[in-house]
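Asker: Structure below; questions to follow.
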Amino acid sequence: MNLLGLKDLKREEILDYLRLADRFVDAAGRPATPDEFRDALDGRPVGLLFFEPSTRTRVSFELAVRRLGGYATNILSERSSIEKGETAVDTCQNLEAMGIAGLIIRHADRHVPFTVAEQVEIPVLNAGNGTGEHPTQALIDVFTLRRALGRDDSLEGVTVAIIGDIIHSRVARSDVYALRALGARVVLSGPQKLLPMADEGWDAEVVATRREALAEADAVVVLRIQTERMHRDVVDSHDYTRDWGIDAGVAADEMRPGAFIMHPGPVIRGMELTSEVADGPRSLILQQAGNGVAIRQAVLIRHLTGR
Ligand code: NCD
């Protein structure tokens with residue numbers, strides 16, 4: 001069974017991942033693996049194909065595979081040799097022929113995981129496809145928020161702001177699907193050129209200023225400006241920090257008391273967040289990173305084992 005995106009997932013399906021992931025976190029919130037899951041992957045090899053840079057996603061998938069008794073093998077792309085969709089498909093078919101049990105794929109071309117999934121029998125898990133989706137990151141985000149707010153099965157009545165480079169963000173797209181499925185209200189904001197048009201099908205409100213976005217938010221997901229996805233510099237970094245950045249003054253003045261700061265990483269310190277805020281008491285950023293292992297363990301169990 002593949003996991004390519006969250007678009008069509010129902011609330012119960014999302015909750016199933018979160019409840020299973022709860023079992024992979026100890027009382028202190030650290031990654032943990034109950035005995036009954038230690039051998040879940042039974043020594044099977046899982047292929048990690050990251051055709052784009054990654055730290056958190058790749059390492060947490062790798063740790064998750066190992067904690068479940070599997071074997072993670074990294075297929076490192078020489079940037080020049082594997083670039084086209086066809087070549088990635090070819091690589092994946094060869095890995096399947098060698099007995100790889102599942103493929104975890106990150107690729108700049110949003111079609112690649114879908115094309116591969118059509119051409120192989122083994123499960124394909126999307127670890128970020130261009131500006132498409134990043135389903136496991138969004139599961140991490142709702143998992144982290146739900147635990148921080150002490151919620152069990154819904155985010156009903158919770159408002160989440162997502163600020164920054166929305167149109168290029170696969171995290172924002174998957175976050176909206178996951179948050180809406182759990183009943184949260186989502187408010188998007190950022191520089192006008194980086195915001196979706198009203199008719200682009202985002203199930204969220206769009207507001208024009210940081211102050212409006214933060215005013216009612218219980219949590220704000222701060223995004224990086226993804227310059228690698230832009231044809232030229234659309235945003236001046238100085239203007240961006242002034243209008244959209246969050247420093248201690250902005251947090252105190254524009255955020256609700258107790259509202260959380262989230263970020264999928266990598267954080268560009270001094271641009272979207274100051275260190276004081278990124279490392280401050282509102283920040284859930286390191287919890288998100290830590291929870292990545294638990295969520296990916298849950299996803300591997302559901303998609304690569306019969307359990
Ligand atoms: C993000 C990604 O690669 O989509 N990071 C992540 O996976 N945690 C966001 C980004 O690159 O800004």
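Note on naming: chains are A, B, ... as they come in the structure tokens, residues start from 1 per chain, ligands start from 1 in the order shown.
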Could you go through region 3-247 of chain A and tell me which residues DSSP, when run on the backbone, assigns to strand (DSSP E or B), listing them as a ChimeraX atom specification?

Answerer: /A:3,25,31,45-50,71-76,102-107,124-129,159-163,185-189,205-206,219-222,246

Asker: Please identify every polymer residue within 8 Å of ligand 1, using only C-alpha atoms and all ligand atoms, and present the set as a CSV table (one decimal) with all heavy atoms, in the first residue's frame.

Answerer:
```
chain,number,residue,atom,x,y,z
A,53,PRO,N,18.0,17.4,-1.3
A,53,PRO,CA,18.7,17.4,0.0
A,53,PRO,C,17.6,17.1,1.1
A,53,PRO,O,16.5,17.5,1.0
A,53,PRO,CB,19.2,18.8,0.2
A,53,PRO,CG,19.2,19.4,-1.2
A,53,PRO,CD,18.2,18.7,-2.0
A,54,SER,N,18.1,16.5,2.2
A,54,SER,CA,17.3,16.2,3.4
A,54,SER,C,18.1,15.9,4.6
A,54,SER,O,19.1,15.2,4.4
A,54,SER,CB,16.3,15.0,3.0
A,54,SER,OG,15.6,14.6,4.2
A,55,THR,N,17.7,16.3,5.7
A,55,THR,CA,18.4,15.9,6.9
A,55,THR,C,17.3,15.1,7.8
A,55,THR,O,17.4,13.9,8.0
A,55,THR,CB,18.9,17.1,7.8
A,55,THR,OG1,19.7,17.8,6.9
A,55,THR,CG2,19.7,16.6,9.0
A,56,ARG,N,16.3,15.8,8.3
A,56,ARG,CA,15.4,15.3,9.2
A,56,ARG,C,14.6,14.1,8.6
A,56,ARG,O,14.4,13.0,9.2
A,56,ARG,CB,14.3,16.3,9.7
A,56,ARG,CG,14.8,17.2,10.8
A,56,ARG,CD,14.1,18.6,10.6
A,56,ARG,NE,14.7,19.3,9.4
A,56,ARG,CZ,15.7,20.1,9.4
A,56,ARG,NH1,16.3,20.4,10.6
A,56,ARG,NH2,16.2,20.6,8.3
A,57,THR,N,14.1,14.3,7.4
A,57,THR,CA,13.2,13.3,6.8
A,57,THR,C,14.0,12.0,6.6
A,57,THR,O,13.6,10.9,6.9
A,57,THR,CB,12.6,13.8,5.5
A,57,THR,OG1,11.9,15.1,5.8
A,57,THR,CG2,11.6,12.8,5.0
A,127,ALA,N,8.3,11.0,0.3
A,127,ALA,CA,9.0,11.8,1.3
A,127,ALA,C,9.2,13.3,0.9
A,127,ALA,O,10.1,14.0,1.4
A,127,ALA,CB,10.4,11.2,1.6
A,128,GLY,N,8.3,13.7,0.0
A,128,GLY,CA,8.4,15.1,-0.5
A,128,GLY,C,8.5,15.1,-2.0
A,128,GLY,O,9.6,14.6,-2.5
A,130,GLY,N,8.5,17.6,-5.0
A,130,GLY,CA,8.5,18.9,-5.5
A,130,GLY,C,7.6,19.8,-4.7
A,130,GLY,O,7.7,19.8,-3.5
A,134,HIS,N,3.9,16.4,1.3
A,134,HIS,CA,4.9,15.8,2.2
A,134,HIS,C,4.1,15.2,3.3
A,134,HIS,O,4.0,15.7,4.4
A,134,HIS,CB,5.8,17.0,2.7
A,134,HIS,CG,7.1,16.5,3.3
A,134,HIS,ND1,7.3,15.2,3.8
A,134,HIS,CD2,8.2,17.2,3.7
A,134,HIS,CE1,8.5,15.1,4.3
A,134,HIS,NE2,9.0,16.3,4.3
A,137,GLN,N,5.4,14.6,6.9
A,137,GLN,CA,5.7,15.8,7.7
A,137,GLN,C,4.4,16.4,8.3
A,137,GLN,O,4.3,16.8,9.4
A,137,GLN,CB,6.3,16.9,6.8
A,137,GLN,CG,6.7,18.2,7.6
A,137,GLN,CD,7.7,18.0,8.7
A,137,GLN,OE1,8.7,17.4,8.5
A,137,GLN,NE2,7.4,18.6,9.9
A,169,SER,N,5.2,25.3,-1.1
A,169,SER,CA,5.4,24.4,0.0
A,169,SER,C,4.5,23.2,0.0
A,169,SER,O,3.3,23.2,0.2
A,169,SER,CB,5.1,25.2,1.3
A,169,SER,OG,5.3,24.3,2.4
A,170,ARG,N,5.2,22.0,-0.2
A,170,ARG,CA,4.5,20.7,0.0
A,170,ARG,C,4.1,20.5,1.4
A,170,ARG,O,3.1,19.8,1.6
A,170,ARG,CB,5.4,19.6,-0.5
A,170,ARG,CG,6.8,19.6,0.2
A,170,ARG,CD,7.8,18.8,-0.6
A,170,ARG,NE,9.1,18.8,-0.1
A,170,ARG,CZ,10.2,18.5,-0.8
A,170,ARG,NH1,10.1,18.3,-2.1
A,170,ARG,NH2,11.4,18.5,-0.2
A,171,VAL,N,4.8,21.1,2.4
A,171,VAL,CA,4.4,20.9,3.8
A,171,VAL,C,3.1,21.7,4.0
A,171,VAL,O,2.2,21.1,4.6
A,171,VAL,CB,5.5,21.5,4.7
A,171,VAL,CG1,5.1,21.4,6.2
A,171,VAL,CG2,6.8,20.7,4.5
A,223,LEU,N,7.3,28.9,7.6
A,223,LEU,CA,7.9,28.1,6.5
A,223,LEU,C,9.1,28.9,6.0
A,223,LEU,O,9.2,30.1,6.2
A,223,LEU,CB,6.9,28.0,5.3
A,223,LEU,CG,5.7,27.2,5.6
A,223,LEU,CD1,4.7,27.3,4.4
A,223,LEU,CD2,6.0,25.7,5.9
A,224,ARG,N,10.0,28.2,5.4
A,224,ARG,CA,11.2,28.7,4.8
A,224,ARG,C,10.8,29.3,3.4
A,224,ARG,O,9.9,28.7,2.7
A,224,ARG,CB,12.2,27.6,4.6
A,224,ARG,CG,13.6,27.9,4.0
A,224,ARG,CD,14.4,26.7,4.0
A,224,ARG,NE,13.9,25.6,3.1
A,224,ARG,CZ,14.2,25.5,1.9
A,224,ARG,NH1,15.0,26.3,1.3
A,224,ARG,NH2,13.6,24.6,1.1
A,225,ILE,N,11.5,30.3,3.0
A,225,ILE,CA,11.3,30.8,1.6
A,225,ILE,C,12.1,29.8,0.7
A,225,ILE,O,13.4,29.7,0.8
A,225,ILE,CB,11.9,32.3,1.4
A,225,ILE,CG1,11.0,33.2,2.2
A,225,ILE,CG2,11.9,32.7,-0.1
A,225,ILE,CD1,9.6,33.4,1.8
A,226,GLN,N,11.5,29.1,-0.2
A,226,GLN,CA,12.1,28.1,-1.0
A,226,GLN,C,12.7,28.6,-2.3
A,226,GLN,O,12.2,28.4,-3.3
A,226,GLN,CB,11.2,26.9,-1.2
A,226,GLN,CG,10.7,26.3,0.1
A,226,GLN,CD,9.6,25.3,0.0
A,226,GLN,OE1,9.8,24.3,-0.6
A,226,GLN,NE2,8.5,25.7,0.6
A,264,PRO,N,8.9,23.1,10.0
A,264,PRO,CA,9.3,21.8,9.6
A,264,PRO,C,10.8,21.6,9.4
A,264,PRO,O,11.4,20.5,9.3
A,264,PRO,CB,8.7,21.6,8.2
A,264,PRO,CG,8.5,23.0,7.6
A,264,PRO,CD,8.2,23.8,8.9
A,265,GLY,N,11.5,22.8,9.4
A,265,GLY,CA,12.9,22.8,9.2
A,265,GLY,C,13.2,22.7,7.7
A,265,GLY,O,12.3,22.1,7.0
A,266,PRO,N,14.3,23.1,7.2
A,266,PRO,CA,15.4,23.8,7.9
A,266,PRO,C,15.0,25.2,8.2
A,266,PRO,O,14.4,25.9,7.4
A,266,PRO,CB,16.6,23.7,6.9
A,266,PRO,CG,15.9,23.6,5.6
A,266,PRO,CD,14.7,22.8,5.8
A,267,VAL,N,15.3,25.7,9.4
A,267,VAL,CA,15.1,27.1,9.8
A,267,VAL,C,16.2,28.0,9.3
A,267,VAL,O,17.4,27.6,9.5
A,267,VAL,CB,15.0,27.2,11.4
A,267,VAL,CG1,14.8,28.7,11.8
A,267,VAL,CG2,13.9,26.3,11.9
A,289,ALA,N,10.8,17.5,15.2
A,289,ALA,CA,11.9,16.6,14.6
A,289,ALA,C,11.9,15.3,15.3
A,289,ALA,O,12.0,14.2,14.7
A,289,ALA,CB,13.3,17.3,14.8
```

Asker: Find the residues around Asp141 (chain A) up to 8 Å (only C-alpha atoms counted), leave out those fewer than 2 positions away in its own chain, and share them as a PyMOL selection string.

Answerer: chain A and resi 137-139+143-145+175+262+264+288

Asker: Please extract the residues of region 26-120 of chain A with a backbone DSSP assignment of alpha helix (DSSP H) and present them as a PyMOL selection string.

Answerer: chain A and resi 56-67+85-97+112-119

Asker: Would you kindly return, as a list in words, each protein, DNA or RNA residue with an atom no farther than 7 Å from any atom of Pro31 (chain A), considering only C-alpha atoms and excluding same-chain residues fewer than 6 positions away?

Answerer: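 Neighbouring residues, sequence-local ones excluded: Phe24, Val25, Gly290, Val293 and Ala294 of chain A.
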
Asker: Which residues of region 69-177 of chain A come within 9 Å of region 229-244 of chain A, and what is each one's closest atom pair and distance in Å (one decimal), counting only C-alpha atoms, sorted by chain and residue number, as a tab-separated table?

Answerer:
```
residue	atom	partner	partner_atom	distance
A:Gly130	CA	A:Arg229	CA	8.4
A:Thr131	CA	A:Arg229	CA	8.2
A:Ile163	CA	A:Trp244	CA	7.4
A:Gly164	CA	A:Trp244	CA	7.1
A:His168	CA	A:Arg229	CA	6.7
```

Asker: Using only N, CA and C atoms, please write the residues we just selected to a file, as a PDB file, in the first residue's frame.

Answerer:
```pdb
ATOM      1  N   GLY A 130       8.505  17.576  -5.008  1.00  0.00           N
ATOM      2  CA  GLY A 130       8.461  18.944  -5.542  1.00  0.00           C
ATOM      3  C   GLY A 130       7.572  19.835  -4.698  1.00  0.00           C
ATOM      4  N   THR A 131       6.674  20.556  -5.369  1.00  0.00           N
ATOM      5  CA  THR A 131       5.739  21.411  -4.638  1.00  0.00           C
ATOM      6  C   THR A 131       4.438  20.655  -4.341  1.00  0.00           C
ATOM      7  N   ILE A 163       2.514  30.534   7.729  1.00  0.00           N
ATOM      8  CA  ILE A 163       3.048  31.800   7.227  1.00  0.00           C
ATOM      9  C   ILE A 163       4.282  31.572   6.377  1.00  0.00           C
ATOM     10  N   GLY A 164       4.313  32.221   5.223  1.00  0.00           N
ATOM     11  CA  GLY A 164       5.526  32.197   4.405  1.00  0.00           C
ATOM     12  C   GLY A 164       5.258  31.868   2.956  1.00  0.00           C
ATOM     13  N   HIS A 168       4.926  27.314  -2.873  1.00  0.00           N
ATOM     14  CA  HIS A 168       5.964  26.326  -3.185  1.00  0.00           C
ATOM     15  C   HIS A 168       6.051  25.228  -2.129  1.00  0.00           C
TER      16      HIS A 168
END
```

Asker: Give me the residues near region 250-255 of chain A as a PyMOL selection string, where near means some atom within 12 Å (using only C-alpha atoms) and where sequence neighbours in that chain fewer than 6 positions away do not count.

Answerer: chain A and resi 160-161+209-220+241-244+261+272-274+276-278+280-283
